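Some notes on the structure that comes next.
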Amino acid sequence: TTALKAKLFEKIEAFRPRTQKLNKEFGNVVIDSVNIGQAIGGARDVRCLVTDISYLDPQEGIRFRGKTIPETFAALPRKAGFEQPTVESFFYFLLTGDVPTAEQALEVEADWRSRAEVPAYVFDVLRAMPRDTHPMTMFSTAVLAMQRESVFAHRYAEGMKKTDYWDATYEDAMNLLAKLPHIAAYIYRMKYKGDTHIEPDAKLDFGGNFAHMMGIAKPYDDVSRMYFILHSDHESGNVSAHTTHLVASALSDPYYAFSAGLNGLAGPLHGLANQEVLGWIQNVMKKLGGKIPTEEELKAFLWDTLKGGQVIPGYGHAVLRKTDPRYTAQMEYCQKHLPDDPLFKLVNMIYKVAPGVLTEHGKTKNPWPNVDAQSGVIQWYYGVREWDFYTVEFGVGRALGVLANIVWDRGLGYAIERPKSVTTAMLEQWAAAG
Ligand code: FCX
C-alpha cells in the first residue's frame, strides 16, 4: 500500500463517525425546503448533496478543500522548471485535504506511472469507430470498454465487505486516472493528426506526458497542468459530478460511473460550451470575412444569437453570480503569455460587451463569463485548433474531482440516490392550495 492510500484510510476512518452521527442523531434537522419552481426547474439551489472536496460560493466561486484558486496554486509544490503545480500534487490535495510535500507528490507520480499502461483492446475499440465520431463519444466509450478491469466489480462479486468499498473504488480511480492522458491524446492524434500515435514517456508527469503525447512543445505542459486543475471539480450538483455520483451510488463501478459523467459533460449547456465558444467566435469572424469585429459589430452578433433563440456560450451559470475565477485564472495566464493574441483580444472584447447585452436581454440570472469562455483561446494559441476536442480535455480534468468524490462516497457509505417524483396534477393541487 502507498503512503497516499494509508493516509486516505486514516482520513476516512476518522471522518466516518461525523457522517454517522449526523445521520443517526440529527437526520431530521431541516436544511432546505423545495418549491414548485425548483421541482420543474432542475432542482436549482436545492441543498441535497454533500461533498467536502470543493464548495462553490455564488459570489466568490470555487474553493478546493477550503482554498480559492489563487490560494490552491500558491500552496502546491512545484517541480524545478515548472510554472504550474503538478496534477499529481493537486490530486493528493483534493483526495486528502492536505497539501502534499514535493516527495508525497512524487509518490503519486510513481504510482500513476505503474498503472499507466492502456490495454491494447481500448485502441482497437477506438479504431473501430468511424473517424468522424465526436471525440467525447470516443473518450466515454474507451472508459466504458475498460470496465472489465474493474477491481470494484471483481471484488464485489467475491463478497467484499462494505467497509472495503472505498479501497476497491480507490484502486479503480487510480487505474483510470493514470490512463486518461494517453487515451485522450491517442484520440486526438488518431482523429486529427493523420493517425500518428506518440508513445508516452515514463519520465514525465501527468500534464507533461499529455503535452508530449499531443505532440505540442513547452509551455503546453504547464498549460495542461493548469487546465486539468482548473477543470477538476465544481462541487457536487453540476451534471458531470452529479451523474458520476448518481451512477456510482448504485454501486456501479468507477468505469461505469465516470463514463456516464462524461456523457453529461458532453452536453452544450455543460462542458461542450467551450467548443461552442470557439465555434461562435469563428462564425462571427467568417461573417466579417476574417476581420476582427468592432464592439458595435460584436453587439449586433450577440443580439442576433439571442434573437435566434440561442444562448451565448461561455456566459451564465446555474450557481455563480460573478465572473468565474476559473475564467479569471485563464485570463491572467493569457495576459502574461499571449497578451497580443488576436483571439484573446476578441474574447476580452466579448467580456466588455456581452454582460451588458445579456443584462439588457434580461433573462439570465448571471451575465458574467464562466470557465468555458476563456479556455478555448489558450488551446487555440498553442495549436489545438480542433475545438471539438476541448471537452475531452475538460473531461480529463473533471476526472480528478469526480473520482475523488466517489472514493469518499464509498468511504462514508452514502446511500443509493433515489429522490421522489410527483405528478403535475399534484403540483396543481398544491398550487391551488397556495
Ligand atoms: N445566453 C442566453 N440566455 C441565457 C444564458 C446565456 N448565456 N444563460 C442563461 N440564459 C437564459 C436561460 O436559457 C433561461 O432562459 P429561459 O427562461 O428561456 O429558459 C434564463 O436565462 C434563466 O436562466 P438562468 O437561471 O440564468 O440559468 P440556468 O441556471 O437555467 O442555466 C446555464 C445555466 C449555464 C445552463 C446557462 O447560463 C447557459 O445556457 N449558458 C450558456 C452555456 C454555457 O456556457 N454553459 C457552461 C456552463 C459551465 F461553466 C460548465 O458547465 O461548463
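By convention here, the chains of the C-alpha cells are called A, B, ... in the order presented, each chain's residues are numbered starting at 1, and ligands are numbered starting at 1 in the order presented.
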Can you pull out every residue within 6 Å of segment 320-322 of chain A, counting only C-alpha atoms, but drop anything in the same chain fewer than 2 positions away, and send it as number ranges by chain?
A: 58-59, 317, 366, 368
Selection to disk with C-alpha atoms, as a compact mmCIF listing (two decimals), in the first residue's frame:
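Output (part22.txt):
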```
# COMPACT_ATOMS: atom_id res chain seq x y z
CA PRO A 58 -22.11 32.20 -5.86
CA GLN A 59 -20.02 35.38 -5.43
CA HIS A 317 -24.12 29.87 -14.64
CA ASN A 366 -25.81 35.76 -14.31
CA TRP A 368 -20.84 37.04 -16.42
```
With only C-alpha atoms and all ligand atoms counted, collect every polymer residue having an atom within 6 Å of ligand 1; state the result as a PyMOL selection string.
chain A and resi 269-271+273+306+311-318+363-366+370-372
Excluding Ala260 of chain A and its own-chain neighbours fewer than 3 positions away, which residues fall within 12 Å of it when counting only C-alpha atoms? Please give them as a VMD selection string.
chain A and resid 136 to 137 139 to 144 239 to 248 252 to 257 263 to 267 395 399 402
Got time to write the residues from that selection, N, CA and C atoms, as a compact mmCIF listing (two decimals), in the first residue's frame?
```
# COMPACT_ATOMS: atom_id res chain seq x y z
N MET A 136 -15.75 13.07 -27.74
CA MET A 136 -16.31 12.76 -26.42
C MET A 136 -16.94 11.37 -26.43
N THR A 137 -17.56 11.00 -27.54
CA THR A 137 -18.14 9.65 -27.66
C THR A 137 -17.01 8.62 -27.59
N PHE A 139 -14.08 9.03 -26.16
CA PHE A 139 -13.47 9.05 -24.83
C PHE A 139 -14.33 8.25 -23.84
N SER A 140 -15.62 8.52 -23.87
CA SER A 140 -16.52 7.83 -22.96
C SER A 140 -16.56 6.33 -23.26
N THR A 141 -16.53 5.98 -24.55
CA THR A 141 -16.54 4.57 -24.94
C THR A 141 -15.27 3.87 -24.47
N ALA A 142 -14.13 4.54 -24.59
CA ALA A 142 -12.87 3.94 -24.16
C ALA A 142 -12.91 3.64 -22.66
N VAL A 143 -13.46 4.58 -21.89
CA VAL A 143 -13.56 4.37 -20.44
C VAL A 143 -14.48 3.19 -20.14
N LEU A 144 -15.61 3.16 -20.82
CA LEU A 144 -16.58 2.09 -20.58
C LEU A 144 -16.00 0.73 -20.99
N VAL A 239 -23.74 18.70 -13.74
CA VAL A 239 -24.20 17.46 -14.39
C VAL A 239 -23.15 16.35 -14.36
N SER A 240 -21.89 16.67 -14.66
CA SER A 240 -20.90 15.58 -14.72
C SER A 240 -20.62 14.99 -13.34
N ALA A 241 -20.50 15.85 -12.33
CA ALA A 241 -20.23 15.35 -10.97
C ALA A 241 -21.44 14.60 -10.43
N HIS A 242 -22.60 15.19 -10.64
CA HIS A 242 -23.80 14.56 -10.11
C HIS A 242 -24.07 13.22 -10.78
N THR A 243 -23.88 13.17 -12.09
CA THR A 243 -24.11 11.91 -12.81
C THR A 243 -23.15 10.83 -12.31
N THR A 244 -21.88 11.19 -12.18
CA THR A 244 -20.90 10.21 -11.71
C THR A 244 -21.31 9.69 -10.33
N HIS A 245 -21.68 10.61 -9.46
CA HIS A 245 -22.10 10.26 -8.10
C HIS A 245 -23.36 9.39 -8.11
N LEU A 246 -24.31 9.78 -8.93
CA LEU A 246 -25.59 9.05 -9.01
C LEU A 246 -25.37 7.61 -9.47
N VAL A 247 -24.62 7.47 -10.55
CA VAL A 247 -24.40 6.12 -11.10
C VAL A 247 -23.60 5.28 -10.10
N ALA A 248 -22.59 5.90 -9.49
CA ALA A 248 -21.79 5.16 -8.51
C ALA A 248 -22.62 4.78 -7.28
N SER A 252 -22.49 0.79 -9.13
CA SER A 252 -21.84 0.63 -10.43
C SER A 252 -20.41 1.11 -10.21
N ASP A 253 -19.43 0.46 -10.83
CA ASP A 253 -18.03 0.77 -10.54
C ASP A 253 -17.61 2.10 -11.20
N PRO A 254 -16.42 2.60 -10.87
CA PRO A 254 -15.98 3.90 -11.39
C PRO A 254 -15.92 4.00 -12.92
N TYR A 255 -15.73 2.89 -13.60
CA TYR A 255 -15.71 2.94 -15.08
C TYR A 255 -17.10 3.28 -15.60
N TYR A 256 -18.11 2.56 -15.09
CA TYR A 256 -19.49 2.87 -15.47
C TYR A 256 -19.83 4.31 -15.09
N ALA A 257 -19.45 4.67 -13.88
CA ALA A 257 -19.88 5.96 -13.34
C ALA A 257 -19.21 7.13 -14.08
N ASN A 263 -20.65 11.58 -20.44
CA ASN A 263 -21.77 11.78 -21.38
C ASN A 263 -22.55 13.04 -21.01
N GLY A 264 -22.61 13.33 -19.71
CA GLY A 264 -23.26 14.57 -19.29
C GLY A 264 -22.40 15.79 -19.60
N LEU A 265 -21.10 15.63 -19.44
CA LEU A 265 -20.19 16.74 -19.73
C LEU A 265 -20.27 17.12 -21.22
N ALA A 266 -20.65 16.14 -22.05
CA ALA A 266 -20.70 16.37 -23.50
C ALA A 266 -21.87 17.24 -23.95
N GLY A 267 -22.72 17.66 -23.01
CA GLY A 267 -23.87 18.49 -23.39
C GLY A 267 -23.49 19.95 -23.58
N GLY A 395 -12.82 16.81 -19.73
CA GLY A 395 -13.13 15.51 -19.12
C GLY A 395 -11.96 14.90 -18.38
N ALA A 399 -12.19 14.32 -14.30
CA ALA A 399 -12.00 13.00 -13.69
C ALA A 399 -11.39 13.13 -12.29
N VAL A 402 -14.37 14.16 -9.84
CA VAL A 402 -15.49 13.23 -9.66
C VAL A 402 -15.01 11.89 -9.12
```
For a quick check of understanding, using only C-alpha atoms, which of A:Ala178, A:Met138, A:Ala185, A:Ala168 has the smallest distance to Glu393 of chain A?
A:Ala185
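Using only C-alpha atoms, the nearest neighbour of Pro219 of chain A within the list A:Lys67, A:Leu49, A:Glu83, A:Gly413 is A:Glu83.
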For Gln330 of chain A, which residue out of A:Ile416, A:Leu230, A:Leu427, A:Val277 is the nearest one, using only C-alpha atoms?
A:Leu230
Distance atom CA of Glu171 of chain A-atom CA of Phe152 of chain A, one decimal place?
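That distance, rounded to one decimal, is 7.9 Å.
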Segment 18-25 of chain A surroundings by only C-alpha atoms, 12 Å radius, close-in-sequence under 6 positions cut, as a VMD selection string
chain A and resid 11 to 12 50 to 52 408 to 409 411 to 415
Write out, as a JSON list (two decimals), in the first residue's frame, the residues just selected, with N, CA and C atoms.
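Writing the result to result-v3.json gives the following:
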```
[["chain", "number", "residue", "atom", "x", "y", "z"],
["A", 11, "LYS", "N", -7.86, 9.03, 7.09],
["A", 11, "LYS", "CA", -8.79, 10.17, 6.99],
["A", 11, "LYS", "C", -10.23, 9.69, 6.94],
["A", 12, "ILE", "N", -10.47, 8.66, 6.16],
["A", 12, "ILE", "CA", -11.85, 8.16, 6.02],
["A", 12, "ILE", "C", -12.33, 7.58, 7.35],
["A", 50, "VAL", "N", -23.96, 16.19, -0.53],
["A", 50, "VAL", "CA", -22.88, 16.51, 0.41],
["A", 50, "VAL", "C", -21.53, 16.19, -0.22],
["A", 51, "THR", "N", -20.62, 17.14, -0.16],
["A", 51, "THR", "CA", -19.23, 16.84, -0.52],
["A", 51, "THR", "C", -18.32, 17.75, 0.27],
["A", 52, "ASP", "N", -17.17, 17.27, 0.64],
["A", 52, "ASP", "CA", -16.20, 18.07, 1.37],
["A", 52, "ASP", "C", -14.99, 18.42, 0.50],
["A", 408, "TRP", "N", -14.64, 8.93, -1.77],
["A", 408, "TRP", "CA", -15.18, 9.37, -0.47],
["A", 408, "TRP", "C", -16.63, 8.92, -0.27],
["A", 409, "ASP", "N", -17.42, 8.93, -1.35],
["A", 409, "ASP", "CA", -18.82, 8.44, -1.25],
["A", 409, "ASP", "C", -18.84, 7.04, -0.65],
["A", 411, "GLY", "N", -16.37, 5.61, 0.95],
["A", 411, "GLY", "CA", -15.74, 5.63, 2.27],
["A", 411, "GLY", "C", -16.74, 6.00, 3.35],
["A", 412, "LEU", "N", -17.63, 6.93, 3.02],
["A", 412, "LEU", "CA", -18.59, 7.40, 4.02],
["A", 412, "LEU", "C", -19.92, 6.66, 3.92],
["A", 413, "GLY", "N", -20.00, 5.73, 2.99],
["A", 413, "GLY", "CA", -21.19, 4.88, 2.90],
["A", 413, "GLY", "C", -22.45, 5.59, 2.45],
["A", 414, "TYR", "N", -22.31, 6.57, 1.56],
["A", 414, "TYR", "CA", -23.51, 7.26, 1.06],
["A", 414, "TYR", "C", -24.45, 6.27, 0.39],
["A", 415, "ALA", "N", -25.74, 6.56, 0.54],
["A", 415, "ALA", "CA", -26.78, 5.62, 0.07],
["A", 415, "ALA", "C", -26.99, 5.71, -1.44]]
```
For each of A:Ala102, A:Ala128, A:Leu288, A:Ile378, take the minimum atom-to-atom distance to Glu332 of chain A, counting only C-alpha atoms, then give the residue where this is smallest.
A:Ile378
Separating atom CA of Gln310 of chain A from atom CA of Gln282 of chain A, to the nearest tenth of an Å, is a gap of 16.2 Å
